[in-house]
Structure formats: C-alpha cells, structure tokens
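**Q** Let me give you the structure first, and then I'll get to my questions.
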Amino acid sequence: MTNQEQGTPDYTMGFGEEFLESLRRYTAQANAAYLIPYLRPGLRVLDFGCGPGTISVGLAGRVMPGELHGVDMEPSQVEIAASVAQAQGITNATFHVGDVTALPFPDDFFDVAHCHNVLMHIPDTAAALAEVKRVLKPGGILGCREMICASSFTEPDFGVIRKAWDMLEDLLSADDAHPQMGRELKAHMREAGFENVRANATFDIYSAPADVEFIHRLALQWFLSPEITEAAIKYGAATRELCDEIASVYDRWKEHPGAFLGVAFGEALANKAFA
C-alpha cells in the first residue's frame with residue numbers, strides 16, 4: 001500500500017476522503033475553545049499538524065493582524081488549508097509542508113503553539129515537544145488537545161463496538177503511535193520542561209441524526225475500508241470475522257434510537273519557562 005492509502009508510518013489514519021471529512025468538521029470554536037481565551041490581536045501562532053486548516057483559520061482570525069503559520073507533513077493537506085484560508089478571507093495565515101521535529105523557524109519565534117490530535121501520531125514525543133519549545137518565545141503558550149481512546153465510547157455497544165475501539169488502539173500502537181496521549185499530556189509537558197501545566201478532559205459528542213449518519217459512514221467507509229482492515233489484520237489487531245461483525249453491528253447502531261458516541265480528549269496548556 002502507498003502512504004496515501006494507508007498513512008505514513010507516523011500517521012496511521014491515512015488520507016481517505018471519509019476520514020478527511022472528519023478533520024474538516026473541526027473548528028477553533030468547538031475544538032480549541034480551551035486555547036481561545038489566551039489569543040489576542042497581534043500574536044504569532046504556530047499550528048503544527050494543521051491538516052486541512054479548519055482550526056487554523058479560526059485561530060488566525062483571533063490574532064489578526066498577527067500571523068498564523070500552519071505546518072503539516074502532507075502536501076495535499078497544506079494545499080487544502082491554503083484554500084480554506086483563501087475562501088474565508090483569512091489573509092494572515094501561511095501554510096508550510098514540514099516536520100514538527102525539524103520546524104523551519106528560528107528560536108523564540110512564536111507566542112503560541114497549538115496542535116489537535118497530532119502528538120498521538122508522533123513516535124518520539126520528547127523530540128516533538130523539544131522542537132516546539134525551541135520556536136516558542138519565553139513565556140509562550142503551548143496548547144494541545146489529544147484523543148483518549150480508552151475513555152471514548154459508543155452506546156449501545158451490543159457487546160461488540162468496544163472491540164472496534166480496541167482495534168483502533170492496537171493499530172495505532174503497532175505504528176508507534178500513542179492512543180492514550182490525551183491523558184498523558186500533563187506528564188509529557190512537564191518532562192519537556194514546560195511550566196504551569198493545566199490539564200483538563202472533554203468529549204466530542206455525536207448524537208444528532210446527522211452525526212449518527214456521519215459516524216456510521218465513517219465506520220464503514222473509512223475504519224472498515226480494505227486499507228485499514230488489511231493493516232489491522234496484518235498487525236494482529238483484528239480478524240476478518242471481527243471486522244464483518246463490527247460492520248453488521250454499526251448498521252444496527254445507526255437505526256437505534258439511543259445511538260450516541262463520545263470521543264474523549266485530554267487538553268493541556270503550558271508555558272515555556274523564562275531563561
């Protein structure tokens with residue numbers, strides 16, 4: 001499989017259309033609310049692992065006439081982010097293809113650094129945080145929001161869907177990712193030398209009929225796609241029988257009046273120490 005089909009070794013999720021639809025649903029207001037009170041006009045912001053830029057543009061709007069620089073390893077996502085900014089009239093956002101462990105910026109350059117579901121996909125957490133700390137100004141703010149797979153849930157479960165979450169955890173772990181990064185953020189930030197770490201946890205909720213339809217589509221067309229299931233079977237995270245069972249149960253789940261899903265996230269804010 002190509003990287004586009006399966007995802008790079010450091011990005012298990014791939015870049016299929018259904019999964020990209022899930023990324024495009026993210027906004028600064030909904031998914032970076034914990035960071036927004038710390039933003040003000042004139043600040044310079046780094047959004048590392050910016051993806052399609054739907055959170056980036058919201059952050060950029062709040063610091064205008066300051067700057068936002070989005071960085072992502074995937075060129076197609078950088079192109080989409082630039083298009084999203086242009087479509088929304090955001091003129092203070094610039095997007096770069098790059099690696100968070102080797103950022104193309106000088107020391108002490110940014111006032112704020114942000115990421116959403118990025119550290120969980122980087123094998124060397126310490127290297128990523130060290131590089132982000134390098135480009136932050138003394139006193140600068142780091143804000144991260146990362147998934148906690150073990151605390152996420154689907155209701156009703158029918159005695160099966162928890163196995164889908166377990167399958168995702170195993171697949172992430174097989175790619176040297178960190179499926180519980182959200183609850184580990186505080187420890188990682190402290191170990192990286194950040195100060196004044198403030199940690200919290202929240203959920204993204206999917207309950208409205210349109211949300212239930214979206215999750216059903218995401219489960220069948222992305223999570224249970226041949227690319228993902230073949231990788232899961234290869235790594236020993238699933239069997240063909242389990243994947244077929246999960247698909248059947250998600251059809252039942254979609255029609256259940258109590259269908260409800262919660263994705264758990266850890267959020268943490270910290271400051272770079274003054275010299």
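Following the order of the structure tokens, first chain is A, next is B, and so on, with residues numbered from 1 inside each chain and ligands from 1 in the order they appear.
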Applying 9 Å and only C-alpha atoms, which residues near Ala32 (chain A) remain after dropping the ones on its own chain fewer than 5 positions away? List them as number ranges by chain.

**A** A: 26-27, 55, 59, 114-116, 143-145, 267

**Q** Filtering to C-alpha atoms, could you give me those residues as a JSON list (two decimals), in the first residue's frame?

**A**
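Contents of part.json, freshly written:
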[["chain", "number", "residue", "atom", "x", "y", "z"],
["A", 26, "TYR", "CA", -13.12, 20.54, 13.40],
["A", 27, "THR", "CA", -13.24, 24.26, 14.20],
["A", 55, "ILE", "CA", -8.99, 25.04, 13.11],
["A", 59, "LEU", "CA", -7.12, 30.79, 15.35],
["A", 114, "HIS", "CA", -1.22, 24.62, 19.05],
["A", 115, "CYS", "CA", -1.98, 21.09, 17.93],
["A", 116, "HIS", "CA", -5.05, 18.86, 17.75],
["A", 143, "GLY", "CA", -1.94, 24.19, 23.81],
["A", 144, "CYS", "CA", -2.59, 20.54, 22.87],
["A", 145, "ARG", "CA", -5.79, 18.51, 22.55],
["A", 267, "GLU", "CA", -6.47, 19.18, 26.81]]

**Q** List the spatial neighbours of Gly53 (chain A) as a list in words - criterion: any atom at most 10 Å away, only C-alpha atoms, same-chain residues fewer than 6 positions off excluded.

**A** Leu23, Arg24, Tyr26, Thr27, Ala28, Asp47, Leu59, Gly70, Val71, Asp72, Gln77, Val78, Glu79, Ile80, Ala81, Ala82, Ser83, Val84, Ala85, Ala93 and Phe95 of chain A

**Q** Using only C-alpha atoms, which residues sit within 10 Å of Phe153 (chain A) once same-chain residues fewer than 5 positions away are excluded, as a PDB file with C-alpha atoms, in the first residue's frame?

**A**
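After the write, selection.pdb holds the following:
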ATOM      1  CA  ILE A 161     -18.239  -1.967  19.300  1.00  0.00           C
ATOM      2  CA  ARG A 162     -15.758  -1.686  22.183  1.00  0.00           C
ATOM      3  CA  TRP A 165     -12.044   0.941  19.784  1.00  0.00           C
ATOM      4  CA  ILE A 205     -20.349  14.203  21.229  1.00  0.00           C
ATOM      5  CA  PHE A 260     -24.724   8.031  20.985  1.00  0.00           C
ATOM      6  CA  LEU A 261     -20.940   8.305  20.684  1.00  0.00           C
ATOM      7  CA  GLY A 262     -18.402  10.239  22.714  1.00  0.00           C
ATOM      8  CA  VAL A 263     -14.760  10.777  21.740  1.00  0.00           C
ATOM      9  CA  ALA A 264     -12.658  11.598  24.799  1.00  0.00           C
TER      10      ALA A 264
END

**Q** So the first atom is CA of Ala102 (chain A) and the second is CA of His188 (chain A); what is the distance between them in Å, to one decimal place?

**A**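 Atom-to-atom, CA of Ala102 (chain A) to CA of His188 (chain A), that is 18.8 Å.
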
**Q** Which residue, A:Ala174, A:Ala259, A:Ile141, A:Ala127, has the smallest gap to Pro156 (chain A) when you use only C-alpha atoms?

**A**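 Checking each of A:Ala174, A:Ala259, A:Ile141, A:Ala127 against Pro156 (chain A), counting only C-alpha atoms, the winner is A:Ala259.
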
**Q** Which one of A:Leu136, A:Ala130, A:Val97, A:Ala208 sits closest to Ala113 (chain A) if you count only C-alpha atoms?

**A** A:Leu136

**Q** Between CA of Ile215 (chain A) and CA of Tyr250 (chain A), what is the spacing in Å?

**A**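 Those two atoms sit 9.0 Å apart.
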
**Q** Would you return as a VMD selection string the members of region 81-257 of chain A that DSSP assigns to strand (DSSP E or B) on this structure's backbone?

**A** chain A and resid 93 to 97 99 102 110 to 116 136 to 147 153 to 155 195 to 206

**Q** Grab the CA of Asp157 (chain A) to CA of Trp253 (chain A) distance for me, in Å with one decimal place.

**A**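 A separation of 7.9 Å between them.
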